[in-house]
Amino acid sequence: METSKNLHLLLQYIRRFISRLLSLVSLKDFVLSLLLLLCGLSSLTVKLSGGTTSIHLWGPRRRRHSRPALVLLHGFGGFAKWQFERQIAPLSRHFDLYLPDLVFFGQSVSAEGKRSVKFQAECVAEAMRKLGVEKYTVAGVSYGGFVAFCMAAAAAEREVERVVVIASGVAATAKERKELAEKEGREVAELLLPERVEDLRNLFRRCMLRPPTWLPDFLLRDFIEIMFKDHRKERIELLNELLSNGVGWGALPIPKQETLILWGDEDTIFPLPLAYALKRHLGDKAKLQVIKEAGHALPLEKPYHVNSLIRRFILQEKVV
């Protein structure tokens with residue numbers, strides 16, 4: 001009986017392996033890896049203390065100490081190189097880029113039972129310390145924004161010099177997070193972790209002002225297989241923890257770093273009032289830039305604006 005079960009699992013693995021070899025999404029993933037290599041980055045895996053957690057990331061093959069370090073943190077919609085594909089080349093010209101996959105995304109894994117934003121922040125902070133990066137800016141989109149905020153406030157308070165929060169409902173109260181979840185009329189995991197083609201199309205519609213309409217079903221099924229199948233249980237637990245506890249403090253702290261807040265004026269995942277709430281909470285330490293005709297997926301929809309604003313913020317360039 002055990003042999004039959006093992007054979008069945010082996011056949012499932014072989015089928016999945018073959019399907020990924022023939023996958024257009026896997027081909028795009030390979031192309032993105034080539035782009036990273038051409039931009040001077042390499043694939044790294046950092047084993048954290050305790051040996052139960054490892055963080056995969058793309059980082060510079062050779063540190064350029066004359067250039068500031070910039071850490072980009074993704075959200076639930078994919079791995080780092082996918083969500084920041086339009087930032088890689090432009091920003092790598094000015095910064096030493098680091099693109100970690102958060103725990104349970106991509107190749108980052110953990111045997112720990114922790115699912116909090118604080119845990120994610122501590123993992124990225126420790127990985128950066130192990131790489132010897134003493135000072136850096138951290139930028140996060142959506143879920144990654146929660147992690148970036150947490151790193152600045154506690155996990156990497158001494159290392160983080162500046163923070164960029166992109167379309168992230170950090171300032172939402174427990175009541176507001178509950179109302180946003182209830183407004184969906186279904187489990188939030190069905191929206192952010194789609195299993196069906198129609199759910200993925202709905203996610204595109206919710207995240208983008210002008211979502212792609214030409215994508216065939218087979219390509220979307222391929223995308224779901226590559227992006228959302230692995231560690232689904234753990235990601236649902238991460239999402240539930242986020243909805244319950246946010247960044248994990250009873251009272252939201254005020255990080256000491258300067259903060260740039262970027263938001264799309266048509267964001268329906270985290271509505272614009274949450275951007276103003278975060279700006280009020282942070283006060284003079286924060287600058288809010290609302291980008292017109294943009295939804296939740298700002299790095300993909302408005303890459304020029306996002307890249308330019310991040311560059312100017314970190315390098316302290318004046319807007320001409």
# chains A, B, ... in the order shown; residues from 1 in each chain; ligands from 1
>>> select_by_dssp(residues="segment 99-240 of chain A", states="helix (DSSP H, G or I)", output="PyMOL selection string")
chain A and resi 117-130+143-155+174-183+188-192+197-207+217-227+232-240
>>> residues_around(residues="Asn240 of chain A", least_positions_apart="3", cutoff="10 Å", atoms="only C-alpha atoms", output="PyMOL selection string")
chain A and resi 115-116+187-189+234-237+243-246
>>> write_last_selection(atoms="N, CA, C and O atoms", output="mmCIF file, in the first residue's frame")
data_model
loop_
_atom_site.group_PDB
_atom_site.id
_atom_site.type_symbol
_atom_site.label_atom_id
_atom_site.label_comp_id
_atom_site.auth_asym_id
_atom_site.auth_seq_id
_atom_site.Cartn_x
_atom_site.Cartn_y
_atom_site.Cartn_z
ATOM 1 N N ARG A 115 3.849 32.788 11.696
ATOM 2 C CA ARG A 115 3.241 33.312 10.477
ATOM 3 C C ARG A 115 3.082 34.835 10.510
ATOM 4 O O ARG A 115 2.448 35.405 9.640
ATOM 5 N N SER A 116 3.653 35.489 11.482
ATOM 6 C CA SER A 116 3.422 36.920 11.664
ATOM 7 C C SER A 116 4.258 37.761 10.706
ATOM 8 O O SER A 116 5.269 37.312 10.154
ATOM 9 N N GLU A 187 -14.009 34.532 1.023
ATOM 10 C CA GLU A 187 -12.714 34.456 1.682
ATOM 11 C C GLU A 187 -11.677 35.273 0.907
ATOM 12 O O GLU A 187 -11.599 35.186 -0.317
ATOM 13 N N VAL A 188 -10.896 36.062 1.636
ATOM 14 C CA VAL A 188 -9.885 36.893 0.991
ATOM 15 C C VAL A 188 -8.870 36.027 0.254
ATOM 16 O O VAL A 188 -8.320 36.425 -0.782
ATOM 17 N N ALA A 189 -8.615 34.824 0.774
ATOM 18 C CA ALA A 189 -7.675 33.908 0.114
ATOM 19 C C ALA A 189 -8.120 33.568 -1.305
ATOM 20 O O ALA A 189 -7.282 33.341 -2.187
ATOM 21 N N GLU A 234 0.314 27.412 4.005
ATOM 22 C CA GLU A 234 1.093 28.366 4.807
ATOM 23 C C GLU A 234 0.783 29.809 4.409
ATOM 24 O O GLU A 234 0.706 30.700 5.268
ATOM 25 N N ARG A 235 0.562 30.050 3.115
ATOM 26 C CA ARG A 235 0.252 31.417 2.680
ATOM 27 C C ARG A 235 -1.119 31.863 3.187
ATOM 28 O O ARG A 235 -1.311 33.038 3.534
ATOM 29 N N ILE A 236 -2.070 30.947 3.227
ATOM 30 C CA ILE A 236 -3.388 31.273 3.797
ATOM 31 C C ILE A 236 -3.230 31.629 5.272
ATOM 32 O O ILE A 236 -3.856 32.582 5.770
ATOM 33 N N GLU A 237 -2.366 30.912 5.970
ATOM 34 C CA GLU A 237 -2.110 31.214 7.387
ATOM 35 C C GLU A 237 -1.445 32.583 7.538
ATOM 36 O O GLU A 237 -1.776 33.340 8.465
ATOM 37 N N LEU A 243 -4.618 39.688 8.492
ATOM 38 C CA LEU A 243 -5.946 40.266 8.688
ATOM 39 C C LEU A 243 -6.292 40.405 10.166
ATOM 40 O O LEU A 243 -6.963 41.355 10.569
ATOM 41 N N SER A 244 -5.790 39.486 10.982
ATOM 42 C CA SER A 244 -6.094 39.514 12.420
ATOM 43 C C SER A 244 -5.258 40.546 13.159
ATOM 44 O O SER A 244 -5.773 41.285 14.011
ATOM 45 N N ASN A 245 -3.952 40.611 12.839
ATOM 46 C CA ASN A 245 -3.033 41.376 13.682
ATOM 47 C C ASN A 245 -2.227 42.450 12.965
ATOM 48 O O ASN A 245 -1.425 43.128 13.616
ATOM 49 N N GLY A 246 -2.387 42.614 11.662
ATOM 50 C CA GLY A 246 -1.641 43.648 10.959
ATOM 51 C C GLY A 246 -0.144 43.484 11.151
ATOM 52 O O GLY A 246 0.393 42.389 11.050
#
>>> closest_residue(among="A:Arg67, A:Arg280, A:Arg206, A:Arg129", to="Gly295 of chain A", atoms="only C-alpha atoms")
A:Arg206
>>> select_by_dssp(residues="segment 75-303 of chain A", states="strand (DSSP E or B)", output="PyMOL selection string")
chain A and resi 96-100+109-110+136-141+160-166+258-264+286-291
>>> residues_around(residues="Leu131 of chain A", least_positions_apart="5", cutoff="12 Å", atoms="only C-alpha atoms", output="ChimeraX atom specification")
/A:44-48,55,57-63,69,98,124-126
>>> residues_around(residues="Ser168 of chain A", least_positions_apart="5", cutoff="10 Å", atoms="only C-alpha atoms", output="list in words")
Gly75, Gly140, Val141, Ser142, Tyr143, Gly144, Gly145, Phe146, Val147, Ala148, Phe149, Ile261, Leu262, Trp263, Ile269, Phe270, Pro271, Leu274, Ala275, Leu278 and His296 of chain A
>>> closest_residue(among="A:Ile166, A:Leu315, A:Ile254, A:Leu192", to="Val290 of chain A", atoms="only C-alpha atoms")
A:Ile166
>>> closest_atom_pairs(of="segment 62-126 of chain A", to="segment 21-34 of chain A", cutoff="8 Å", atoms="only C-alpha atoms", output="CSV")
residue,atom,partner,partner_atom,distance
A:Lys81,CA,A:Leu32,CA,6.7
A:Trp82,CA,A:Leu32,CA,7.5
A:Glu85,CA,A:Leu32,CA,7.1
>>> atom_distance(atom1="atom CA of Asp230 of chain A", atom2="atom CA of Gln107 of chain A")
9.8 Å
